[in-house]
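Listing of input10.txt; format and content: compact mmCIF, C-alpha atoms and all ligand atoms.
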```txt
# COMPACT_ATOMS: atom_id res chain seq x y z
CA MET A 272 88.19 152.13 95.26
CA ARG A 273 87.51 149.26 92.86
CA SER A 274 84.01 147.89 92.44
CA PHE A 275 83.13 144.63 94.17
CA LEU A 276 80.14 142.39 94.76
CA TYR A 277 78.58 142.79 98.25
CA GLN A 278 76.57 139.87 99.64
CA ARG A 279 75.04 139.29 103.08
CA ALA A 280 75.20 135.75 104.41
CA THR A 281 72.22 134.84 106.55
CA ASP A 282 73.54 131.50 107.79
CA PRO A 283 76.98 129.85 108.08
CA ASN A 284 76.38 127.48 105.14
CA MET A 285 75.50 130.38 102.90
CA ALA A 286 78.62 132.27 104.02
CA VAL A 287 80.84 129.31 103.22
CA GLN A 288 79.12 128.71 99.85
CA LEU A 289 79.45 132.35 98.80
CA LEU A 290 83.09 132.53 99.86
CA SER A 291 83.98 129.23 98.21
CA ALA A 292 82.22 130.13 94.98
CA ALA A 293 84.17 133.35 94.59
CA ALA A 294 87.56 132.08 95.83
CA ALA A 295 90.13 130.73 93.40
CA ALA A 296 91.10 127.23 94.47
CA ASP A 297 94.72 128.07 95.25
CA ASP A 298 94.19 131.46 96.91
CA PRO A 299 95.20 131.69 100.55
CA LEU A 300 92.33 133.26 102.48
CA THR A 301 94.15 136.50 103.19
CA GLN A 302 94.67 137.11 99.43
CA ALA A 303 91.45 135.53 98.21
CA ALA A 304 89.11 137.08 95.68
CA ALA A 305 86.30 136.75 98.24
CA GLN A 306 86.71 138.14 101.76
CA PRO A 307 84.43 137.84 104.77
CA LEU A 308 83.48 141.20 106.29
CA ALA A 309 83.15 141.43 110.07
CA GLY A 310 83.73 144.88 111.68
CA GLY A 311 85.51 146.06 108.54
CA THR A 312 88.10 148.08 110.49
CA THR A 313 91.03 146.37 108.75
CA LEU A 314 89.50 145.08 105.54
CA ILE A 315 88.00 148.38 104.35
CA ASP A 316 91.25 150.25 105.17
CA LEU A 317 93.28 147.80 103.09
CA MET A 318 90.80 147.98 100.21
CA LYS A 319 91.00 151.78 100.22
CA LEU A 320 94.79 151.49 100.08
CA ASP A 321 94.39 149.03 97.16
CA VAL A 322 96.44 146.45 99.08
CA MET A 323 93.54 143.98 99.20
CA ARG A 324 91.46 143.75 96.03
CA PRO A 325 88.60 141.31 96.66
CA THR A 326 86.03 141.06 93.91
CA ALA A 327 83.43 139.81 96.40
CA ILE A 328 82.67 140.72 100.01
CA VAL A 329 80.58 138.38 102.13
CA ASP A 330 79.11 140.25 105.11
CA ILE A 331 78.99 137.78 108.00
CA ASN A 332 77.40 140.16 110.54
CA PRO A 333 73.96 138.51 110.18
CA LEU A 334 75.57 135.44 111.82
CA ALA A 335 76.19 137.40 115.02
CA GLN A 336 73.27 135.90 116.88
CA GLY A 337 74.94 132.49 116.90
CA TRP A 338 78.57 133.57 116.61
CA SER A 339 78.94 136.34 119.17
CA ALA A 340 78.23 134.43 122.38
CA ILE A 341 80.55 134.78 125.38
CA GLU A 342 80.21 131.52 127.31
CA THR A 343 81.87 131.55 130.73
CA GLY A 344 81.47 129.44 133.83
CA GLY A 345 82.96 126.17 134.90
CA GLU A 346 86.52 125.43 133.85
CA SER A 347 86.57 126.80 130.32
CA LEU A 348 85.71 129.79 128.17
CA ARG A 349 84.19 129.93 124.68
CA LEU A 350 84.15 133.13 122.65
CA GLY A 351 82.23 133.57 119.40
CA ALA A 352 84.26 134.95 116.50
CA LEU A 353 81.79 137.82 116.02
CA ALA A 354 81.92 138.92 119.68
CA LYS A 355 82.99 142.58 119.79
CA MET A 356 86.39 143.32 121.33
CA SER A 357 84.79 145.84 123.72
CA ASP A 358 82.17 143.36 125.00
CA VAL A 359 84.76 140.69 125.76
CA ALA A 360 87.16 143.19 127.37
CA ALA A 361 84.46 144.47 129.74
CA HIS A 362 82.98 141.09 130.68
CA SER A 363 83.28 140.74 134.46
CA GLU A 364 84.06 137.00 134.50
CA ILE A 365 86.73 137.43 131.83
CA GLU A 366 88.25 140.32 133.80
CA ARG A 367 88.31 138.08 136.89
CA ASN A 368 89.31 134.67 135.48
CA TYR A 369 91.16 135.60 132.27
CA PRO A 370 92.63 139.10 132.86
CA VAL A 371 95.26 138.40 130.19
CA ILE A 372 92.48 138.29 127.59
CA ALA A 373 90.59 141.33 128.94
CA ASN A 374 93.77 143.42 129.10
CA SER A 375 95.10 142.37 125.69
CA LEU A 376 91.82 143.71 124.27
CA LYS A 377 91.72 146.88 126.40
CA LEU A 378 95.22 147.76 125.21
CA ALA A 379 94.37 147.11 121.55
CA ALA A 380 93.27 149.88 119.17
CA SER A 381 90.89 152.65 120.35
CA ALA A 382 87.51 152.50 122.10
CA GLN A 383 85.69 153.31 118.85
CA LEU A 384 87.52 150.54 116.98
CA ARG A 385 86.93 148.02 119.77
CA ASN A 386 83.18 148.73 119.63
CA MET A 387 83.15 147.80 115.94
CA ALA A 388 85.87 145.15 115.67
CA THR A 389 85.40 141.44 116.29
CA LEU A 390 87.66 138.75 117.75
CA GLY A 391 87.79 136.81 114.46
CA GLY A 392 88.76 139.92 112.51
CA ASN A 393 91.34 140.81 115.15
CA VAL A 394 93.28 137.57 114.86
CA MET A 395 93.01 137.71 111.03
CA GLN A 396 94.30 141.29 110.72
CA ARG A 397 97.29 141.78 108.44
CA THR A 398 100.72 143.19 109.19
CA ARG A 399 101.26 146.93 109.65
CA CYS A 400 104.58 146.79 107.72
CA SER A 401 104.53 150.17 106.00
CA TYR A 402 105.96 148.75 102.75
CA PHE A 403 103.15 146.20 102.65
CA ARG A 404 100.54 148.94 103.16
CA ASP A 405 101.95 151.30 100.52
CA ILE A 406 101.55 149.94 96.98
CA SER A 407 104.01 152.51 95.61
CA TYR A 408 106.68 150.09 96.92
CA GLU A 409 106.91 147.23 94.43
CA ASN A 410 109.16 145.06 96.60
CA CYS A 411 107.00 143.21 99.05
CA ASN A 412 106.97 139.42 98.93
CA LYS A 413 103.86 139.30 101.09
CA ARG A 414 101.80 141.52 98.76
CA ASN A 415 103.55 140.70 95.52
CA PRO A 416 105.21 137.23 95.83
CA GLY A 417 108.75 137.05 94.43
CA SER A 418 109.23 140.84 94.28
CA GLY A 419 111.70 141.15 97.18
CA CYS A 420 111.43 142.84 100.55
CA ALA A 421 111.84 146.61 100.88
CA ALA A 422 112.07 146.36 104.68
CA MET A 423 115.23 144.21 104.80
CA ASP A 424 117.46 147.18 103.99
CA GLY A 425 114.87 149.87 104.55
CA VAL A 426 113.39 151.37 107.70
CA ASN A 427 112.83 148.28 109.83
CA ARG A 428 112.43 149.72 113.35
CA MET A 429 108.96 148.14 113.74
CA HIS A 430 109.95 144.76 112.27
CA ALA A 431 110.42 141.31 113.75
CA VAL A 432 113.46 139.77 115.44
CA LEU A 433 111.97 136.28 115.88
CA GLY A 434 110.57 133.89 113.26
CA THR A 435 111.85 135.92 110.31
CA SER A 436 112.97 134.51 106.95
CA ASP A 437 115.04 135.89 104.08
CA ARG A 438 111.71 136.69 102.36
CA CYS A 439 109.87 138.67 105.07
CA ILE A 440 110.51 140.24 108.47
CA ALA A 441 107.06 141.74 109.12
CA THR A 442 105.61 141.50 112.62
CA TYR A 443 102.27 139.97 113.42
CA PRO A 444 100.51 143.08 114.80
CA GLY A 445 97.58 141.97 117.01
CA ASP A 446 97.38 141.75 120.80
CA LEU A 447 94.68 139.17 121.52
CA ALA A 448 96.56 136.38 119.73
CA GLN A 449 99.33 136.33 122.32
CA ALA A 450 96.80 135.78 125.12
CA LEU A 451 95.09 133.03 123.13
CA ILE A 452 98.32 131.23 122.33
CA ALA A 453 99.53 131.39 125.92
CA LEU A 454 96.26 129.87 127.14
CA ASP A 455 96.35 126.96 124.65
CA ALA A 456 93.19 128.16 122.92
CA ALA A 457 91.56 126.15 120.16
CA VAL A 458 89.98 127.70 117.06
CA GLU A 459 86.68 126.39 115.72
CA ILE A 460 86.53 126.61 111.94
CA THR A 461 83.49 126.28 109.69
CA GLY A 462 84.00 125.20 106.09
CA LYS A 463 82.44 123.35 103.17
CA SER A 464 82.74 119.97 104.82
CA GLY A 465 81.51 121.04 108.27
CA SER A 466 83.43 122.15 111.34
CA ARG A 467 86.94 121.40 112.52
CA SER A 468 89.00 122.54 115.46
CA ILE A 469 92.72 123.30 115.56
CA ALA A 470 95.11 124.64 118.18
CA PHE A 471 95.34 128.42 117.91
CA ALA A 472 99.12 127.92 117.63
CA GLU A 473 98.50 126.23 114.25
CA LEU A 474 96.50 129.11 112.76
CA HIS A 475 99.31 131.51 111.81
CA LYS A 476 102.16 130.46 109.53
CA PRO A 477 105.68 131.89 109.79
CA PRO A 478 106.79 133.54 106.51
CA GLY A 479 109.35 130.95 105.35
CA THR A 480 109.46 130.99 101.55
CA THR A 481 105.76 131.88 101.19
CA PRO A 482 105.06 135.00 103.28
CA GLU A 483 101.87 135.62 101.29
CA ILE A 484 100.29 132.57 102.97
CA GLU A 485 99.65 133.78 106.50
CA THR A 486 97.23 131.26 107.96
CA THR A 487 96.22 127.64 107.59
CA LEU A 488 92.60 128.55 106.78
CA GLN A 489 91.46 127.21 103.43
CA PRO A 490 89.44 129.26 100.93
CA GLY A 491 85.82 129.43 102.08
CA GLU A 492 86.68 128.66 105.71
CA LEU A 493 85.64 130.95 108.55
CA ILE A 494 86.58 131.14 112.20
CA SER A 495 83.41 130.61 114.22
CA ALA A 496 84.74 130.56 117.82
CA PHE A 497 87.69 130.25 120.20
CA SER A 498 87.75 128.01 123.24
CA ILE A 499 90.10 128.16 126.19
CA PRO A 500 90.55 125.30 128.65
CA GLY A 501 91.01 126.02 132.35
CA ARG A 502 90.83 129.28 134.30
CA TRP A 503 93.79 131.65 134.59
CA PRO A 504 93.07 134.34 137.18
CA ARG A 505 96.83 134.91 137.67
CA SER A 506 97.52 136.28 134.22
CA VAL A 507 98.82 139.53 132.77
CA TYR A 508 99.14 141.29 129.40
CA LEU A 509 101.84 143.96 129.25
CA LYS A 510 102.45 146.10 126.18
CA ALA A 511 105.23 148.58 125.39
CA ARG A 512 104.39 151.03 122.61
CA ASP A 513 105.54 154.39 121.31
CA ARG A 514 102.66 156.24 122.97
CA GLN A 515 100.03 155.46 125.59
CA SER A 516 97.09 156.25 123.33
CA TYR A 517 96.16 153.62 120.73
CA GLU A 518 99.24 152.16 119.13
CA PHE A 519 100.58 148.76 118.05
CA ALA A 520 103.07 146.95 120.30
CA LEU A 521 106.81 147.39 120.04
CA SER A 522 106.92 144.49 122.41
CA SER A 523 104.30 142.72 124.50
CA ALA A 524 103.99 139.71 126.77
CA ALA A 525 101.07 137.50 127.77
CA VAL A 526 101.86 135.60 130.95
CA ALA A 527 99.77 133.12 132.93
CA LEU A 528 101.08 131.44 136.08
CA ASP A 529 99.88 128.69 138.35
CA LEU A 530 101.68 129.54 141.57
CA GLN A 531 101.55 127.76 144.90
CA ASP A 532 103.51 128.96 147.95
CA GLY A 533 105.77 130.97 145.67
CA VAL A 534 106.59 127.95 143.47
CA ILE A 535 105.56 127.95 139.80
CA ARG A 536 103.57 124.81 138.96
CA ASP A 537 102.75 125.90 135.41
CA ALA A 538 103.82 128.89 133.32
CA ARG A 539 102.51 130.15 129.99
CA VAL A 540 104.36 132.90 128.14
CA ALA A 541 103.73 134.38 124.68
CA ILE A 542 105.31 137.47 123.18
CA GLY A 543 104.12 139.96 120.58
CA GLY A 544 105.37 142.94 118.59
CA VAL A 545 108.70 141.19 118.04
CA ALA A 546 107.83 138.12 115.96
CA THR A 547 106.34 137.27 112.58
CA VAL A 548 103.60 135.18 114.21
CA PRO A 549 102.10 135.10 117.71
CA TRP A 550 105.08 133.61 119.56
CA ARG A 551 104.95 131.07 122.38
CA ALA A 552 108.14 131.31 124.46
CA ARG A 553 108.54 127.62 125.31
CA GLU A 554 112.14 127.96 126.57
CA THR A 555 110.99 130.62 129.02
CA GLU A 556 108.19 128.39 130.25
CA ALA A 557 110.55 125.43 130.72
CA LEU A 558 112.94 127.54 132.80
CA LEU A 559 110.16 128.74 135.09
CA LYS A 560 108.44 125.44 135.86
CA SER A 561 108.89 124.03 139.39
CA GLN A 562 111.04 127.02 140.39
CA LYS A 563 110.54 129.46 143.25
CA PHE A 564 109.76 132.84 141.73
CA ASP A 565 112.20 135.71 142.15
CA ASP A 566 113.36 138.60 139.97
CA GLY A 567 116.59 136.82 138.97
CA LEU A 568 114.60 133.86 137.65
CA ALA A 569 112.31 136.24 135.71
CA GLU A 570 115.34 137.86 134.04
CA ARG A 571 116.94 134.52 133.09
CA ALA A 572 113.61 133.30 131.72
CA ALA A 573 113.17 136.53 129.71
CA ASP A 574 116.69 136.14 128.24
CA ALA A 575 115.75 132.64 127.06
CA ALA A 576 112.80 134.00 125.07
CA PHE A 577 115.16 136.03 122.88
CA ALA A 578 118.05 133.55 122.59
CA ASP A 579 117.40 133.09 118.85
CA ALA A 580 116.53 136.71 118.05
CA LYS A 581 118.06 138.26 114.92
CA ALA A 582 118.13 142.04 114.71
CA ARG A 583 118.20 144.15 111.54
CA GLN A 584 119.66 147.65 111.28
CA HIS A 585 116.99 149.59 113.22
CA ASN A 586 115.22 147.08 115.46
CA GLY A 587 117.97 145.76 117.78
CA PHE A 588 116.41 147.73 120.65
CA LYS A 589 113.46 145.33 120.56
CA ILE A 590 115.58 142.55 122.04
CA ALA A 591 116.48 144.50 125.19
CA LEU A 592 112.98 145.97 125.41
CA GLY A 593 111.31 142.60 124.86
CA LYS A 594 113.30 140.98 127.68
CA ARG A 595 112.26 143.73 130.09
CA VAL A 596 108.62 143.41 129.11
CA VAL A 597 108.68 139.64 129.70
CA ALA A 598 110.48 139.97 133.06
CA ARG A 599 108.11 142.71 134.23
CA ALA A 600 105.01 140.80 133.12
CA LEU A 601 106.25 137.75 135.04
CA ALA A 602 106.81 139.84 138.17
CA GLN A 603 103.35 141.38 137.86
CA ALA A 604 101.71 137.99 137.43
CA ALA A 605 103.61 136.50 140.37
CA THR A 606 102.66 139.32 142.75
CA MET A 607 99.14 140.19 141.57
CA GLU A 608 96.23 139.99 143.96
CA ILE A 609 93.77 137.31 142.95
CA ARG A 610 90.11 138.31 143.28
CA SER A 611 87.85 135.55 144.56
C1 LIG A 701 94.19 152.97 114.01
C2 LIG A 701 94.16 151.51 114.36
C3 LIG A 701 94.85 151.07 115.47
C4 LIG A 701 94.82 149.71 115.80
N1 LIG A 701 95.54 149.26 116.89
C5 LIG A 701 95.51 147.93 117.21
C6 LIG A 701 96.22 147.43 118.32
O1 LIG A 701 96.91 148.15 119.04
N2 LIG A 701 96.13 146.11 118.59
C7 LIG A 701 95.37 145.25 117.84
O2 LIG A 701 95.30 144.05 118.15
N3 LIG A 701 94.71 145.69 116.77
C8 LIG A 701 94.76 147.00 116.45
N4 LIG A 701 94.08 147.46 115.36
C9 LIG A 701 93.44 146.49 114.49
C10 LIG A 701 91.99 146.25 114.88
O3 LIG A 701 91.95 145.64 116.14
C11 LIG A 701 91.45 145.34 113.79
O4 LIG A 701 91.20 146.19 112.69
C12 LIG A 701 90.17 144.63 114.16
O5 LIG A 701 90.33 143.81 115.28
C13 LIG A 701 89.69 143.78 113.00
O6 LIG A 701 88.43 143.28 113.32
P1 LIG A 701 87.21 143.49 112.32
O7 LIG A 701 86.07 142.74 112.90
O8 LIG A 701 86.99 144.94 112.04
O9 LIG A 701 87.81 142.76 111.04
P2 LIG A 701 87.59 143.01 109.48
O10 LIG A 701 88.28 144.26 109.07
O11 LIG A 701 86.16 142.86 109.12
O12 LIG A 701 88.38 141.75 108.93
C14 LIG A 701 89.78 141.63 109.04
C15 LIG A 701 90.23 140.42 108.22
O13 LIG A 701 89.77 139.24 108.84
C16 LIG A 701 88.94 138.50 107.97
N5 LIG A 701 87.88 137.95 108.85
C17 LIG A 701 87.04 138.65 109.63
N6 LIG A 701 86.29 137.82 110.38
C18 LIG A 701 86.68 136.56 110.04
C19 LIG A 701 86.27 135.25 110.47
N7 LIG A 701 85.32 135.07 111.39
N8 LIG A 701 86.89 134.18 109.91
C20 LIG A 701 87.86 134.34 108.98
N9 LIG A 701 88.28 135.55 108.54
C21 LIG A 701 87.69 136.64 109.07
C22 LIG A 701 88.44 139.52 106.95
O14 LIG A 701 88.08 138.94 105.73
C23 LIG A 701 89.66 140.41 106.81
O15 LIG A 701 90.61 139.84 105.94
C24 LIG A 701 94.08 148.80 115.01
C25 LIG A 701 93.37 149.26 113.89
C26 LIG A 701 93.41 150.60 113.56
C27 LIG A 701 92.64 151.07 112.35
S1 LIG A 702 108.74 142.71 105.66
FE1 LIG A 702 107.26 141.38 104.62
S2 LIG A 702 105.47 142.68 104.46
FE2 LIG A 702 107.21 144.06 104.82
S3 LIG A 702 108.06 144.61 102.79
FE3 LIG A 702 109.13 142.80 103.45
S4 LIG A 702 107.96 141.14 102.51
FE4 LIG A 702 106.62 142.91 102.54
```

Now, as a test, write the supplied structure out as structure tokens.
Ligand SMILES: Cc1cc2nc3c(=O)[nH]c(=O)nc-3n(C[C@H](O)[C@H](O)[C@H](O)COP(=O)(O)OP(=O)(O)OC[C@H]3O[C@@H](n4cnc5c(N)ncnc54)[C@H](O)[C@@H]3O)c2cc1C
Ligand code: SF4
Amino acid sequence: MRSFLYQRATDPNMAVQLLSAAAAADDPLTQAAAQPLAGGTTLIDLMKLDVMRPTAIVDINPLAQGWSAIETGGESLRLGALAKMSDVAAHSEIERNYPVIANSLKLAASAQLRNMATLGGNVMQRTRCSYFRDISYENCNKRNPGSGCAAMDGVNRMHAVLGTSDRCIATYPGDLAQALIALDAAVEITGKSGSRSIAFAELHKPPGTTPEIETTLQPGELISAFSIPGRWPRSVYLKARDRQSYEFALSSAAVALDLQDGVIRDARVAIGGVATVPWRARETEALLKSQKFDDGLAERAADAAFADAKARQHNGFKIALGKRVVARALAQAATMEIRS
């Protein structure tokens, strides 16, 4: 491992100052010379692999007292960025009113990782593309801009079918992000000039011509919290993976329905494991609204989610699999028992 400067930030201003001081002005946060350290379960791995080479680490764990709150009650939810995945997953009000969030976390990683890992770190984790994570491959536009993409004609079974570009076809790997995007979450961001809030849907950037720029965070900025409007007790997270023990999604769906007398008043659908960014399936949602739920409708709506999918040599199966996951998640949400 390379040597680096380790600093502990004792308040948000200090964290932002330390990160800004070490970051080069034009570095995207995910490549920056200075990286915030939360649970470390992704960052330290990538540093050991020499994929990420920060010269400075700013430990933000001392901010946990203010940034790990889980605020429930009323008609909204606010989650601190340093809340542990395991604490949020096991929170009784989140299990009752936002099961899509609780289940996306329970199905992510292993129990040990969830005890260590934070929500902010989870949404900022980097792709699991094996060519990205192995520096013996030169050709990776995300790691080494302009070098090409080894996955295009390589082993691309795990790669994306939606939101790809001719520069990068890597999937966004996390689970929580799909639940957040389906529920119209907002992200609170702390930076040099104070706080700002953006829609979670604006956080991740599709690869386009600059796959190395993965988020809209600026150097020195930190995620401090997520907020979710409304309550969604009729919501489901379904994940298909190669094995039942901890594993990343081949395909997943986050579904939230507002259903009255069998008719869908509102539908939220996001899909994971198949796209370069957390993917909101707007066409699917439009098809479902104001319709009476039945299995045929679920299948037509699932087809719509993949209408623009583009398969590579080894990942065509993800289109058929993804449609089934969406249709099954819709059926589960429509028929689930709501706890009062
Ligand atoms: C074996 C294994 C299996 C896994 N399986 C899954 C899975 O199935 N599903 C899934 O979703 N995840 C999975 N993960 C990923 C795991 O969930 C993430 O490693 C974890 O959530 C990251 O959180 P952390 O707090 O440890 O982040 P860190 O490793 O500390 O940080 C990750 C990145 O986010 C940045 N960061 C951290 N906090 C902030 C913040 N507040 N603001 C801005 N940037 C920040 C860091 O600088 C770093 O770049 C798996 C990981 C492993 C090792
Ligand atoms: S898919 Fe993206 S991350 Fe993977 S090798 Fe190609 S450019 Fe790199």

What lies within 12 Å of Asn427 of chain A using all atoms listed in the file, ignoring chain neighbours under 3 positions off, as a tab-separated table (two decimals) with C-alpha atoms, keeping the file's coordinate frame?
```
chain	number	residue	atom	x	y	z
A	399	ARG	CA	101.26	146.93	109.65
A	400	CYS	CA	104.58	146.79	107.72
A	401	SER	CA	104.53	150.17	106.00
A	402	TYR	CA	105.96	148.75	102.75
A	420	CYS	CA	111.43	142.84	100.55
A	421	ALA	CA	111.84	146.61	100.88
A	422	ALA	CA	112.07	146.36	104.68
A	423	MET	CA	115.23	144.21	104.80
A	424	ASP	CA	117.46	147.18	103.99
A	430	HIS	CA	109.95	144.76	112.27
A	431	ALA	CA	110.42	141.31	113.75
A	432	VAL	CA	113.46	139.77	115.44
A	439	CYS	CA	109.87	138.67	105.07
A	440	ILE	CA	110.51	140.24	108.47
A	441	ALA	CA	107.06	141.74	109.12
A	442	THR	CA	105.61	141.50	112.62
A	521	LEU	CA	106.81	147.39	120.04
A	545	VAL	CA	108.70	141.19	118.04
A	582	ALA	CA	118.13	142.04	114.71
A	583	ARG	CA	118.20	144.15	111.54
A	584	GLN	CA	119.66	147.65	111.28
A	585	HIS	CA	116.99	149.59	113.22
A	586	ASN	CA	115.22	147.08	115.46
A	587	GLY	CA	117.97	145.76	117.78
A	588	PHE	CA	116.41	147.73	120.65
A	589	LYS	CA	113.46	145.33	120.56
```

Around all the atoms of segment 425-443 of chain A listed in the file, with 4 Å of room on each side, what axis-aligned box do you get, giving centre and edge lengths in Å to one decimal, as lines of an AutoDock Vina configuration file?
```
center_x = 108.7
center_y = 142.6
center_z = 109.1
size_x = 20.8
size_y = 25.5
size_z = 21.5
```

Find the residue from A:Arg595, A:Arg467, A:Arg536, A:Lys355 that sits nearest to Lys563 of chain A; use only C-alpha atoms when measuring.
->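 Smallest separation from Lys563 of chain A among the options: A:Arg536.
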
Would you name the residues within 7 Å of ligand LIG 701 (chain A), counting all atoms listed in the file, and put them as a count of residues only?
-> 41

Residue contacts of Asp282 of chain A (9 Å, only C-alpha atoms) excluding same-chain residues fewer than 2 positions away, as a list in words |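 The residues satisfying every condition are Ala280, Asn284, Met285, Ala286, Val287, Ile331, Pro333 and Leu334 of chain A.
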
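Using all atoms listed in the file, the smallest distance between any of A:Val322, A:Asp358, A:Gly491, A:Glu556 and Ala373 of chain A comes from A:Asp358.
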
Hey, what's within 12 Å of Glu608 of chain A if we count only C-alpha atoms and toss same-chain stuff fewer than 3 positions away? As a ChimeraX atom specification, please?
-> /A:367,370,504-507,603-605,611

May I have the protein, DNA and RNA residues with an atom at most 12 Å from (85.5, 121.0, 115.4), counting only C-alpha atoms in the file's coordinates, returned as a list in words?
-> Ala457, Val458, Glu459, Ile460, Thr461, Gly462, Ser464, Gly465, Ser466, Arg467, Ser468, Ile469, Ala470, Ile494, Ser495, Ala496, Phe497 and Ser498 of chain A

Compare A:Gly543, A:Ser561, A:Gly533, A:Leu376 by their minimum atom-to-atom distance to Ala354 of chain A, counting all atoms listed in the file, and give me the closest one.
->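 The closest residue to Ala354 of chain A is A:Leu376.
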
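The space between atom CA of Gly593 of chain A and atom CA of Ser375 of chain A spans 16.2 Å.
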
Determine, counting all atoms listed in the file, which protein, DNA and RNA residues have an atom within 10 Å of an atom of Ala538 of chain A; residues of the same chain fewer than 3 positions away are not included. Present the result as JSON, numbers by chain.
-> {"A": [453, 454, 506, 526, 527, 528, 529, 530, 535, 553, 555, 556, 557, 558, 559, 560, 561, 601]}
